[in-house]
$ cat upload.txt   # compact mmCIF, C-alpha atoms and all ligand atoms
# COMPACT_ATOMS: atom_id res chain seq x y z
CA MET F 1 -7.99 -5.83 -23.84
CA SER F 2 -5.87 -5.73 -27.00
CA PRO F 3 -2.28 -4.50 -26.74
CA ALA F 4 -2.20 -0.71 -27.04
CA GLN F 5 -0.67 0.81 -30.13
CA PRO F 6 1.93 3.58 -29.86
CA LEU F 7 0.95 7.14 -30.81
CA HIS F 8 3.00 9.51 -33.00
CA GLN F 9 4.85 6.90 -35.00
CA GLY F 10 7.05 9.62 -36.52
CA ARG F 11 9.02 10.05 -33.30
CA LEU F 12 12.29 8.29 -32.72
CA ILE F 13 10.80 6.62 -29.65
CA PRO F 14 7.10 5.89 -29.97
CA HIS F 15 4.92 7.55 -27.39
CA PHE F 16 2.54 5.50 -25.27
CA PRO F 17 -0.24 7.14 -23.26
CA GLY F 18 -0.78 6.39 -19.57
CA GLY F 19 -2.69 3.19 -19.16
CA THR F 20 -0.72 1.39 -21.88
CA VAL F 21 -0.44 -2.30 -21.12
CA ARG F 22 1.50 -4.42 -23.59
CA GLN F 23 2.25 -7.42 -21.44
CA LYS F 24 -0.40 -9.55 -19.79
CA THR F 25 0.90 -10.35 -16.35
CA GLY F 26 -1.50 -13.28 -16.01
CA SER F 27 1.20 -15.33 -17.73
CA TRP F 28 3.13 -15.35 -14.42
CA ARG F 29 0.44 -17.41 -12.73
CA ILE F 30 1.12 -20.84 -11.29
CA PHE F 31 -2.21 -21.27 -9.49
CA ARG F 32 -5.50 -20.07 -10.89
CA PRO F 33 -8.45 -18.91 -8.77
CA VAL F 34 -11.68 -20.72 -9.57
CA LEU F 35 -14.95 -19.23 -8.35
CA ASP F 36 -18.00 -21.20 -7.26
CA VAL F 37 -20.80 -18.74 -8.01
CA GLU F 38 -23.21 -20.70 -5.81
CA LYS F 39 -21.13 -19.82 -2.76
CA CYS F 40 -20.37 -16.19 -3.66
CA ASN F 41 -22.45 -13.69 -1.68
CA ASN F 42 -21.01 -10.71 -3.56
CA CYS F 43 -19.41 -9.20 -0.45
CA LEU F 44 -16.68 -7.76 -2.73
CA LEU F 45 -13.86 -8.44 -0.29
CA CYS F 46 -11.85 -10.22 -2.99
CA TRP F 47 -12.47 -7.29 -5.33
CA ILE F 48 -11.21 -4.85 -2.70
CA PHE F 49 -8.08 -6.81 -1.86
CA CYS F 50 -6.89 -8.01 -5.29
CA PRO F 51 -3.53 -6.26 -5.84
CA ASP F 52 -3.89 -6.61 -9.59
CA GLY F 53 -7.42 -5.37 -10.12
CA ALA F 54 -8.18 -8.65 -11.85
CA ILE F 55 -11.63 -9.11 -10.35
CA ASP F 56 -14.78 -7.54 -11.80
CA ARG F 57 -17.97 -6.65 -9.99
CA GLU F 58 -21.17 -8.01 -11.47
CA GLU F 59 -24.81 -7.95 -10.50
CA LYS F 60 -24.93 -11.15 -8.42
CA TRP F 61 -21.33 -12.26 -8.03
CA VAL F 62 -17.82 -11.35 -9.07
CA THR F 63 -15.88 -12.58 -12.08
CA ILE F 64 -12.15 -13.18 -12.12
CA GLY F 65 -10.30 -12.03 -15.24
CA LEU F 66 -7.26 -14.15 -15.92
CA ASP F 67 -5.40 -11.68 -18.17
CA PHE F 68 -3.84 -9.93 -15.18
CA CYS F 69 -4.41 -12.33 -12.28
CA LYS F 70 -0.99 -13.41 -10.99
CA GLY F 71 -2.50 -16.17 -8.87
CA CYS F 72 -1.40 -14.73 -5.51
CA GLY F 73 -4.25 -16.47 -3.68
CA ILE F 74 -5.28 -13.43 -1.61
CA CYS F 75 -8.86 -13.75 -2.89
CA GLU F 76 -9.04 -17.38 -1.81
CA ASN F 77 -7.54 -16.56 1.57
CA GLU F 78 -9.88 -13.62 2.28
CA CYS F 79 -13.16 -14.98 0.89
CA PRO F 80 -15.48 -15.45 3.88
CA THR F 81 -17.60 -18.12 2.15
CA ASP F 82 -14.76 -20.21 0.64
CA ALA F 83 -16.14 -19.52 -2.81
CA ILE F 84 -12.68 -19.40 -4.39
CA THR F 85 -10.29 -22.33 -4.79
CA MET F 86 -6.77 -22.10 -6.18
CA VAL F 87 -6.09 -24.77 -8.83
CA LYS F 88 -2.71 -25.53 -10.36
CA GLU F 89 -2.46 -24.21 -13.93
CA GLY F 90 -2.60 -26.94 -16.55
CA LYS F 91 -4.89 -29.09 -14.42
CA MET M 1 -12.01 17.29 -4.34
CA SER M 2 -15.17 18.02 -2.39
CA GLY M 3 -18.37 16.43 -1.09
CA VAL M 4 -18.87 13.33 0.98
CA ILE M 5 -17.08 10.26 -0.32
CA SER M 6 -18.58 6.85 0.36
CA VAL M 7 -16.09 4.08 1.03
CA ARG M 8 -18.63 1.23 0.83
CA PRO M 9 -17.32 -1.30 -1.68
CA LYS M 10 -20.53 -1.08 -3.72
CA ASP M 11 -20.20 2.69 -4.06
CA LEU M 12 -16.59 2.67 -5.20
CA PRO M 13 -15.89 3.30 -8.89
CA PHE M 14 -15.41 0.35 -11.24
CA ASP M 15 -12.52 2.09 -12.99
CA GLU M 16 -9.13 0.53 -12.44
CA SER M 17 -6.15 2.85 -12.65
CA VAL M 18 -3.23 0.49 -12.29
CA VAL M 19 -4.03 -2.87 -13.91
CA GLY M 20 -1.03 -4.51 -15.58
CA HIS M 21 1.67 -3.37 -13.15
CA LEU M 22 4.76 -5.52 -12.77
CA GLY M 23 4.69 -5.73 -8.97
CA CYS M 24 5.14 -9.12 -7.35
CA SER M 25 2.24 -11.49 -6.95
CA GLY M 26 0.41 -10.54 -3.74
CA CYS M 27 2.02 -7.09 -3.42
CA GLY M 28 0.46 -5.07 -0.60
CA ALA M 29 1.66 -1.73 -1.99
CA PHE M 30 -0.62 -2.15 -4.98
CA VAL M 31 -3.66 -2.78 -2.82
CA ALA M 32 -2.87 0.65 -1.36
CA VAL M 33 -2.33 2.35 -4.73
CA ARG M 34 -5.42 0.79 -6.30
CA LEU M 35 -7.72 1.75 -3.45
CA ALA M 36 -6.16 5.21 -3.14
CA LEU M 37 -6.85 5.96 -6.79
CA LYS M 38 -10.44 4.78 -6.38
CA ILE M 39 -10.89 7.43 -3.69
CA LEU M 40 -8.79 10.17 -5.30
CA GLY M 41 -10.22 9.72 -8.80
CA ASP M 42 -8.68 10.62 -12.13
CA GLN M 43 -8.21 14.31 -11.33
CA THR M 44 -5.03 13.38 -9.51
CA MET M 45 -1.39 14.00 -10.27
CA LEU M 46 1.32 11.86 -8.76
CA ALA M 47 4.95 12.53 -7.93
CA ILE M 48 6.77 9.24 -7.38
CA PRO M 49 10.46 8.69 -6.66
CA ALA M 50 12.44 5.50 -7.20
CA CYS M 51 10.56 2.74 -5.36
CA CYS M 52 8.69 -0.47 -6.14
CA VAL M 53 5.58 1.32 -7.38
CA LEU M 54 7.57 3.41 -9.84
CA ALA M 55 9.75 0.55 -11.00
CA THR M 56 6.71 -1.62 -11.70
CA THR M 57 4.49 0.95 -13.42
CA CYS M 58 6.86 3.10 -15.44
CA PHE M 59 8.82 0.50 -17.39
CA TYR M 60 8.40 1.71 -20.94
CA PRO M 61 6.27 0.74 -22.76
CA GLN M 62 4.31 -0.93 -19.94
CA VAL M 63 2.81 2.17 -18.27
CA PRO M 64 -0.35 1.00 -16.53
CA LEU M 65 -0.83 4.07 -14.28
CA LYS M 66 -3.65 6.07 -15.80
CA VAL M 67 -3.08 9.33 -13.92
CA PRO M 68 -0.34 11.82 -14.81
CA THR M 69 2.80 10.80 -12.98
CA LEU M 70 6.03 12.70 -12.56
CA MET M 71 8.99 10.47 -11.84
CA THR M 72 11.26 12.30 -9.49
CA ALA M 73 14.61 11.96 -7.74
CA PHE M 74 14.66 9.76 -4.66
CA PRO M 75 14.94 12.58 -2.07
CA ALA M 76 12.58 14.98 -3.85
CA THR M 77 9.05 13.55 -3.67
CA ALA M 78 7.49 16.23 -1.49
CA ALA M 79 9.40 19.06 -3.19
CA THR M 80 8.20 17.83 -6.58
CA ALA M 81 4.61 17.62 -5.36
CA SER M 82 4.95 21.15 -3.97
CA GLY M 83 6.16 22.35 -7.35
CA ILE M 84 3.23 20.75 -9.17
CA ALA M 85 0.83 22.29 -6.64
CA ALA M 86 2.40 25.73 -7.15
CA GLY M 87 2.04 25.38 -10.90
CA LEU M 88 -1.61 24.39 -10.61
CA ARG M 89 -2.25 27.30 -8.27
CA HIS M 90 -0.77 29.61 -10.86
CA LEU M 91 -3.05 28.13 -13.51
CA GLY M 92 -6.07 28.52 -11.23
CA LYS M 93 -6.57 24.73 -11.09
CA LYS M 94 -5.68 24.18 -7.47
CA LYS M 95 -9.17 23.09 -6.46
CA GLU M 96 -9.75 20.71 -9.35
CA ILE M 97 -6.68 18.54 -9.05
CA THR M 98 -5.30 16.60 -6.09
CA VAL M 99 -1.51 16.56 -5.98
CA VAL M 100 -0.12 13.45 -4.37
CA GLY M 101 3.42 12.53 -3.40
CA LEU M 102 3.67 8.74 -3.24
CA ALA M 103 6.76 7.04 -1.90
CA GLY M 104 8.00 4.00 -0.04
CA ASP M 105 9.19 4.02 3.55
CA GLY M 106 12.83 4.45 2.55
CA GLY M 107 11.93 7.37 0.30
CA THR M 108 9.90 8.91 3.11
CA ALA M 109 11.39 8.09 6.50
CA ASP M 110 15.01 8.39 5.37
CA ILE M 111 15.94 9.89 2.04
CA GLY M 112 12.94 12.12 1.40
CA ILE M 113 12.39 13.32 4.94
CA GLN M 114 14.06 16.69 4.44
CA ALA M 115 11.91 17.57 1.43
CA LEU M 116 8.85 16.28 3.27
CA SER M 117 9.64 18.39 6.32
CA GLY M 118 10.13 21.43 4.09
CA ALA M 119 6.79 20.98 2.35
CA LEU M 120 4.97 20.43 5.64
CA ASP M 121 6.68 23.45 7.16
CA ARG M 122 5.72 25.69 4.23
CA GLY M 123 2.15 24.41 4.49
CA ASP M 124 2.02 23.45 0.82
CA GLN M 125 -1.23 21.89 -0.21
CA ILE M 126 -0.19 18.38 -1.09
CA LEU M 127 -1.27 14.92 -0.01
CA TYR M 128 1.64 12.67 0.82
CA ILE M 129 1.16 8.90 0.92
CA CYS M 130 3.91 6.69 2.29
CA TYR M 131 3.33 3.00 1.62
CA ASP M 132 5.36 1.14 4.15
CA ASN M 133 6.80 -2.28 3.30
CA GLU M 134 9.38 -1.78 6.05
CA ALA M 135 12.55 -1.83 3.90
CA TYR M 136 14.09 -0.69 0.63
CA MET M 137 12.41 -3.48 -1.31
CA ASN M 138 12.96 -2.42 -4.89
CA THR M 139 16.73 -2.67 -4.54
CA GLY M 140 16.69 -5.95 -2.64
CA VAL M 141 15.47 -5.56 0.96
CA GLN M 142 17.93 -3.17 2.62
CA ARG M 143 16.90 -1.86 6.04
CA SER M 144 15.22 1.54 6.27
CA GLY M 145 14.36 3.76 9.22
CA ALA M 146 10.95 2.09 9.14
CA THR M 147 12.28 -1.45 9.45
CA PRO M 148 11.12 -2.85 12.78
CA LYS M 149 13.52 -3.98 15.45
CA GLY M 150 14.54 -7.61 15.15
CA ALA M 151 13.95 -7.88 11.39
CA ARG M 152 16.40 -9.52 9.06
CA THR M 153 17.22 -7.58 5.91
CA THR M 154 20.15 -7.88 3.52
CA THR M 155 21.95 -5.08 5.39
CA THR M 156 20.98 -6.47 8.81
CA PRO M 157 21.66 -10.12 7.99
CA GLY M 158 22.06 -11.40 11.53
CA GLY M 159 24.22 -14.47 11.68
CA GLN M 160 26.48 -15.35 14.58
CA ARG M 161 27.15 -11.76 15.51
CA GLY M 162 23.41 -11.17 15.79
CA MET M 163 23.34 -8.14 13.52
CA TRP M 164 19.56 -7.99 13.17
CA GLU M 165 17.92 -4.61 12.85
CA SER M 166 18.60 -3.12 16.26
CA SER M 167 16.78 0.21 16.32
CA PRO M 168 13.03 0.63 16.67
CA LYS M 169 10.77 1.63 13.81
CA LYS M 170 10.78 5.39 13.23
CA ASP M 171 7.55 6.99 14.39
CA LEU M 172 6.78 8.79 11.14
CA LEU M 173 3.33 9.93 12.16
CA SER M 174 4.62 11.77 15.22
CA ILE M 175 7.42 13.37 13.19
CA VAL M 176 4.90 14.59 10.63
CA ALA M 177 2.35 15.70 13.23
CA ALA M 178 5.05 17.72 15.01
CA HIS M 179 4.90 20.09 12.03
CA GLY M 180 1.37 20.98 13.11
CA ILE M 181 -0.25 20.14 9.76
CA PRO M 182 -4.06 19.85 9.42
CA TYR M 183 -4.34 16.07 8.97
CA ALA M 184 -2.18 12.96 9.23
CA ALA M 185 -2.94 9.31 9.89
CA THR M 186 -1.62 5.78 9.88
CA SER M 187 -3.53 2.95 8.30
CA CYS M 188 -3.08 -0.53 6.90
CA ILE M 189 -4.28 -2.09 3.65
CA SER M 190 -5.96 -4.88 5.61
CA PHE M 191 -8.43 -2.31 6.98
CA PRO M 192 -9.68 -0.90 3.69
CA GLN M 193 -12.57 1.12 5.18
CA ASP M 194 -10.19 2.77 7.63
CA PHE M 195 -7.64 3.43 4.89
CA MET M 196 -10.13 4.88 2.42
CA GLN M 197 -11.91 6.99 5.03
CA LYS M 198 -8.64 8.51 6.13
CA LEU M 199 -7.57 9.08 2.53
CA ALA M 200 -10.84 10.81 1.77
CA LYS M 201 -10.32 13.07 4.77
CA ALA M 202 -6.75 13.77 3.75
CA ALA M 203 -7.79 14.59 0.19
CA GLN M 204 -10.39 17.05 1.43
CA VAL M 205 -7.99 19.16 3.47
CA GLU M 206 -8.04 22.59 1.89
CA ASP M 207 -5.64 24.56 4.01
CA GLY M 208 -2.34 22.73 3.91
CA PRO M 209 -0.61 19.40 3.67
CA SER M 210 -1.99 16.03 4.67
CA PHE M 211 -0.21 12.75 5.21
CA ILE M 212 -1.11 9.06 5.15
CA HIS M 213 1.24 6.32 6.31
CA VAL M 214 -0.11 2.95 5.18
CA LEU M 215 1.35 -0.40 6.15
CA ALA M 216 1.61 -2.64 3.08
CA PRO M 217 3.02 -6.15 3.60
CA CYS M 218 5.47 -7.48 1.01
CA PRO M 219 5.69 -11.25 0.35
CA PRO M 220 9.32 -11.53 -0.86
CA GLY M 221 10.69 -8.86 1.48
CA TRP M 222 9.06 -10.21 4.62
CA GLY M 223 9.34 -13.82 3.54
CA TYR M 224 5.84 -15.28 3.50
CA ALA M 225 3.51 -16.88 0.95
CA SER M 226 1.72 -14.34 -1.28
CA GLU M 227 -1.81 -15.19 -0.14
CA LYS M 228 -1.08 -13.99 3.41
CA THR M 229 -0.61 -10.29 2.60
CA ILE M 230 -3.93 -9.13 4.01
CA GLU M 231 -3.82 -11.60 6.90
CA LEU M 232 -0.42 -10.34 8.05
CA GLY M 233 -1.44 -6.69 7.83
CA LYS M 234 -4.39 -7.55 10.05
CA LEU M 235 -2.16 -9.35 12.52
CA ALA M 236 0.31 -6.43 12.63
CA VAL M 237 -2.53 -4.22 13.82
CA GLU M 238 -4.25 -6.77 16.06
CA ALA M 239 -1.02 -7.76 17.80
CA GLY M 240 -0.52 -4.07 18.54
CA VAL M 241 2.66 -3.78 16.45
CA PHE M 242 1.32 -1.18 14.05
CA ILE M 243 -1.04 1.30 15.67
CA LEU M 244 -3.82 2.94 13.68
CA ARG M 245 -3.85 6.59 14.66
CA GLU M 246 -5.06 9.92 13.41
CA TRP M 247 -3.78 13.47 13.91
CA GLU M 248 -6.55 16.00 13.47
CA ASN M 249 -7.29 19.44 14.88
CA GLY M 250 -4.05 19.38 16.81
CA GLU M 251 -4.89 16.13 18.58
CA MET M 252 -3.56 12.62 18.22
CA LYS M 253 -5.95 9.74 18.77
CA VAL M 254 -5.87 5.98 18.39
CA THR M 255 -8.54 5.06 15.85
CA ARG M 256 -8.46 1.33 16.47
CA LYS M 257 -8.19 0.46 20.13
CA LEU M 258 -7.60 -3.16 21.05
CA ARG M 259 -9.51 -4.87 23.80
CA LYS M 260 -7.03 -7.70 23.75
CA ARG M 261 -3.84 -7.88 21.74
CA LYS M 262 -3.22 -11.03 19.71
CA PRO M 263 -0.05 -12.92 20.68
CA LEU M 264 2.93 -11.35 18.91
CA ALA M 265 4.21 -14.76 17.81
CA GLU M 266 1.11 -15.17 15.60
CA TYR M 267 2.31 -12.17 13.59
CA LEU M 268 6.03 -12.93 13.62
CA LYS M 269 6.14 -16.69 13.01
CA PRO M 270 4.87 -16.77 9.42
CA GLN M 271 7.59 -14.30 8.36
CA ALA M 272 11.10 -15.44 7.43
CA ARG M 273 12.54 -12.04 8.45
CA PHE M 274 11.68 -12.80 12.09
CA ARG M 275 12.32 -16.54 12.06
CA HIS M 276 15.55 -16.27 14.11
CA LEU M 277 13.86 -14.67 17.11
CA THR M 278 13.86 -16.73 20.30
CA ASP M 279 10.84 -17.03 22.58
CA GLU M 280 12.55 -14.72 25.11
CA GLU M 281 13.20 -12.12 22.45
CA ILE M 282 9.59 -12.27 21.35
CA LYS M 283 8.48 -11.89 24.96
CA ALA M 284 10.71 -8.83 25.38
CA MET M 285 9.25 -7.34 22.19
CA GLU M 286 5.76 -7.99 23.49
CA GLU M 287 6.61 -6.07 26.66
CA GLU M 288 7.85 -3.17 24.55
CA ILE M 289 4.57 -3.16 22.67
CA ALA M 290 2.65 -3.10 25.96
CA ARG M 291 4.72 -0.09 27.10
CA ALA M 292 4.12 1.69 23.78
CA TRP M 293 0.36 1.27 24.20
CA GLU M 294 0.53 2.58 27.76
CA THR M 295 2.28 5.78 26.67
CA ILE M 296 -0.11 6.30 23.78
CA SER M 297 -3.47 5.78 25.44
C1 LIG F 301 19.68 9.06 -4.53
C2 LIG F 301 19.40 7.64 -4.82
N1 LIG F 301 19.96 6.68 -4.04
C3 LIG F 301 19.67 5.39 -4.27
C4 LIG F 301 18.84 5.01 -5.28
C5 LIG F 301 18.57 3.54 -5.53
N2 LIG F 301 17.23 3.15 -5.13
C6 LIG F 301 16.21 3.11 -5.99
S1 LIG F 301 14.79 2.55 -5.33
C7 LIG F 301 15.53 2.29 -3.84
C8 LIG F 301 14.76 1.70 -2.71
C9 LIG F 301 13.45 2.36 -2.43
O1 LIG F 301 12.98 1.94 -1.19
P1 LIG F 301 11.62 2.46 -0.60
O2 LIG F 301 11.53 3.93 -0.70
O3 LIG F 301 11.42 1.87 0.76
O4 LIG F 301 10.53 1.88 -1.60
P2 LIG F 301 10.28 0.33 -1.96
O5 LIG F 301 11.31 -0.04 -2.96
O6 LIG F 301 10.38 -0.44 -0.71
O7 LIG F 301 8.93 0.33 -2.56
C10 LIG F 301 16.88 2.67 -3.89
C11 LIG F 301 17.82 2.55 -2.78
C12 LIG F 301 18.29 6.03 -6.09
N3 LIG F 301 17.44 5.75 -7.10
N4 LIG F 301 18.57 7.33 -5.84
S1 LIG F 302 -14.89 -12.64 -1.29
FE1 LIG F 302 -15.92 -14.57 -1.82
S2 LIG F 302 -18.08 -14.17 -1.34
FE2 LIG F 302 -17.07 -12.18 -1.39
S3 LIG F 302 -17.39 -11.47 -3.48
FE3 LIG F 302 -15.42 -12.52 -3.46
S4 LIG F 302 -15.87 -14.63 -4.05
FE4 LIG F 302 -17.80 -13.67 -3.50
S1 LIG F 303 -5.32 -14.75 -7.16
FE1 LIG F 303 -4.57 -12.72 -6.57
S2 LIG F 303 -4.35 -11.64 -8.50
FE2 LIG F 303 -5.66 -13.41 -8.92
S3 LIG F 303 -7.74 -12.63 -8.65
FE3 LIG F 303 -7.11 -13.52 -6.69
S4 LIG F 303 -6.34 -11.76 -5.54
FE4 LIG F 303 -6.38 -11.16 -7.71
S1 LIG F 304 9.11 -6.30 -3.50
FE1 LIG F 304 7.34 -6.13 -2.15
S2 LIG F 304 6.60 -4.02 -2.33
FE2 LIG F 304 7.99 -4.44 -4.06
S3 LIG F 304 6.64 -5.08 -5.75
FE3 LIG F 304 7.31 -6.94 -4.68
S4 LIG F 304 5.72 -7.31 -3.13
FE4 LIG F 304 5.47 -5.21 -3.85
$ encode --input "upload.txt" --output "structure tokens"
Amino acid sequence: MSPAQPLHQGRLIPHFPGGTVRQKTGSWRIFRPVLDVEKCNNCLLCWIFCPDGAIDREEKWVTIGLDFCKGCGICENECPTDAITMVKEGK
Amino acid sequence: MSGVISVRPKDLPFDESVVGHLGCSGCGAFVAVRLALKILGDQTMLAIPACCVLATTCFYPQVPLKVPTLMTAFPATAATASGIAAGLRHLGKKKEITVVGLAGDGGTADIGIQALSGALDRGDQILYICYDNEAYMNTGVQRSGATPKGARTTTTPGGQRGMWESSPKKDLLSIVAAHGIPYAATSCISFPQDFMQKLAKAAQVEDGPSFIHVLAPCPPGWGYASEKTIELGKLAVEAGVFILREWENGEMKVTRKLRKRKPLAEYLKPQARFRHLTDEEIKAMEEEIARAWETIS
């Protein structure tokens, strides 16, 4: 997702529509979730519980988008098959 | 909103309505908001007062909420929602758009309770969702009427004089149900099927207000590691602390009965806000919970 551009540049304060996201909150992350697709049974529990909507549903397994993942670890904690491991950023 | 709504994960929409919010890592309130908007859809209008959800979604120019949202004064959530609903009725759009008041427990159980009572009493067609993190979190964890007994907050700091929260958690559901509205329920984000089913029911009420009270654990406010949000919500319900109930057709019922309650300590121990409690105090609280269940069922 590219940063949204303001509408109506002529106004004193530019207007942004709902859904405007300028800052990628993934930069807050200290630990990063890493998915082992072999272990994922696509139960979607992680997708349901992610507070940041960072996980995407796919045909056979999920994918974790790191733009908005804050690394809370809920997905790792709730995954019934231990398909997700939290790894320290930079490692 | 009409028709049967499936709450199976696979049937839920892909669309995300609140990605990019500035809530804390592991915030339970946003599990509630995200799932609620999946059920309610984009034909929804929100009225939100000062609270975490507002403060983390309406910081210009970061405005991740994709549905129209009216920021309102702290005590005025339900009145604002009523006003939006009246406007839509006037425009003949009452059936197309779901009007939702969304507020924290402080904004609902304390400051907004008068406006809420007024809207329920008038029978205005609004859906009110209270996400309950059990304190005024946005301003730094002050106690609210929904803070449970024994909890440490910044205004019930404990210490040698033992000034922990001393009054029991306000029973919001019973207060709301006493207005005789069509539908009201408690739920918890850790039981997403329960939460979404109840929300779908609440959104389909066509003859008056509906109300959902959803428990949403908060890592910094409760003092636990962010990955435990869902786990703690589950424990709150399974230890019998937070009871999942539903008010429908003039009757109150428990929607999740417990064959055996989990030990209360399992729920309390991981949370810094309860760390000061002694074993005797925990035992006394467990007895209170047992009595509460006896009176309910
Ligand atoms: C009339 C008024 N009093 C106080 C405040 C300051 N204030 C803003 S948010 C907030 C706390 C909200 O607590 P709650 O409703 O529980 O929501 P949470 O922050 O926990 O999500 C307070 C006290 C205000 N905005 N307006
Ligand atoms: S919770 Fe685990 S098994 Fe289920 S979809 Fe997510 S990664 Fe896959
Ligand atoms: S770590 Fe947290 S924010 Fe990141 S994908 Fe998992 S649940 Fe979502
Ligand atoms: S303080 Fe609690 S409720 Fe507020 S954004 Fe942070 S985790 Fe969410």
$ closest_atom_pairs --input "upload.txt" --of "chain M" --to "ligand LIG 303 (chain F)" --cutoff "8 Å" --atoms "only C-alpha atoms and all ligand atoms" --output "tab-separated table"
residue	atom	partner	partner_atom	distance
M:Ser25	CA	F:LIG303	S2	6.8
M:Gly26	CA	F:LIG303	FE1	6.1
M:Glu227	CA	F:LIG303	FE1	7.4
$ residues_near_ligand --input "upload.txt" --ligand "ligand LIG 304 (chain F)" --cutoff "9 Å" --atoms "only C-alpha atoms and all ligand atoms" --output "JSON, numbers by chain"
{"M": [22, 23, 24, 25, 26, 27, 28, 29, 30, 51, 52, 53, 55, 56, 104, 131, 132, 133, 135, 136, 137, 138, 139, 140, 141, 216, 217, 218, 219, 220, 221, 222, 226]}
$ atom_distance --input "upload.txt" --atom1 "atom CA of M:Arg8" --atom2 "atom S3 of ligand LIG 302 (chain F)"
13.5 Å
$ residues_near_ligand --input "upload.txt" --ligand "ligand LIG 302 (chain F)" --cutoff "10 Å" --atoms "all atoms listed in the file" --output "ChimeraX atom specification"
/F:33-50,55-58,60-64,74-85
$ interface_residues --input "upload.txt" --of "chain M" --to "chain F" --cutoff "10 Å" --atoms "all atoms listed in the file" --output "PyMOL selection string"
chain M and resi 8-10+12+14-35+57-58+60-69+189-193+219+225-231
$ atom_distance --input "upload.txt" --atom1 "atom CA of M:Glu266" --atom2 "atom CA of M:Val254"
22.4 Å
$ closest_residue --input "upload.txt" --among "M:Ala103, M:Ile97, M:Val214, M:Ile113" --to "ligand LIG 301 (chain F)" --atoms "only C-alpha atoms and all ligand atoms"
M:Ala103
$ axis_aligned_box --input "upload.txt" --around "ligand LIG 301 (chain F)" --padding-each-side "6 Å" --output "JSON"
{"center_x": 14.4, "center_y": 4.3, "center_z": -3.2, "size_x": 23.0, "size_y": 21.5, "size_z": 19.9}
$ atom_distance --input "upload.txt" --atom1 "atom CA of M:Phe242" --atom2 "atom CA of M:Ser167"
15.7 Å
$ closest_residue --input "upload.txt" --among "M:Glu280, M:Glu294, M:Glu134, M:Glu165" --to "ligand LIG 301 (chain F)" --atoms "all atoms listed in the file"
M:Glu134
$ residues_around --input "upload.txt" --residues "M:Lys253" --least-positions-apart "4" --cutoff "12 Å" --atoms "only C-alpha atoms" --output "ChimeraX atom specification"
/M:173-174,177,183-186,243-249,257,293,296-297
$ residues_around --input "upload.txt" --residues "M:Leu199" --least-positions-apart "6" --cutoff "9 Å" --atoms "only C-alpha atoms" --output "JSON, numbers by chain"
{"M": [36, 39, 40, 127, 129, 185, 211, 212]}
$ closest_residue --input "upload.txt" --among "M:Pro168, M:Gly123, M:Gly145, M:Pro270" --to "ligand LIG 301 (chain F)" --atoms "only C-alpha atoms and all ligand atoms"
M:Gly145
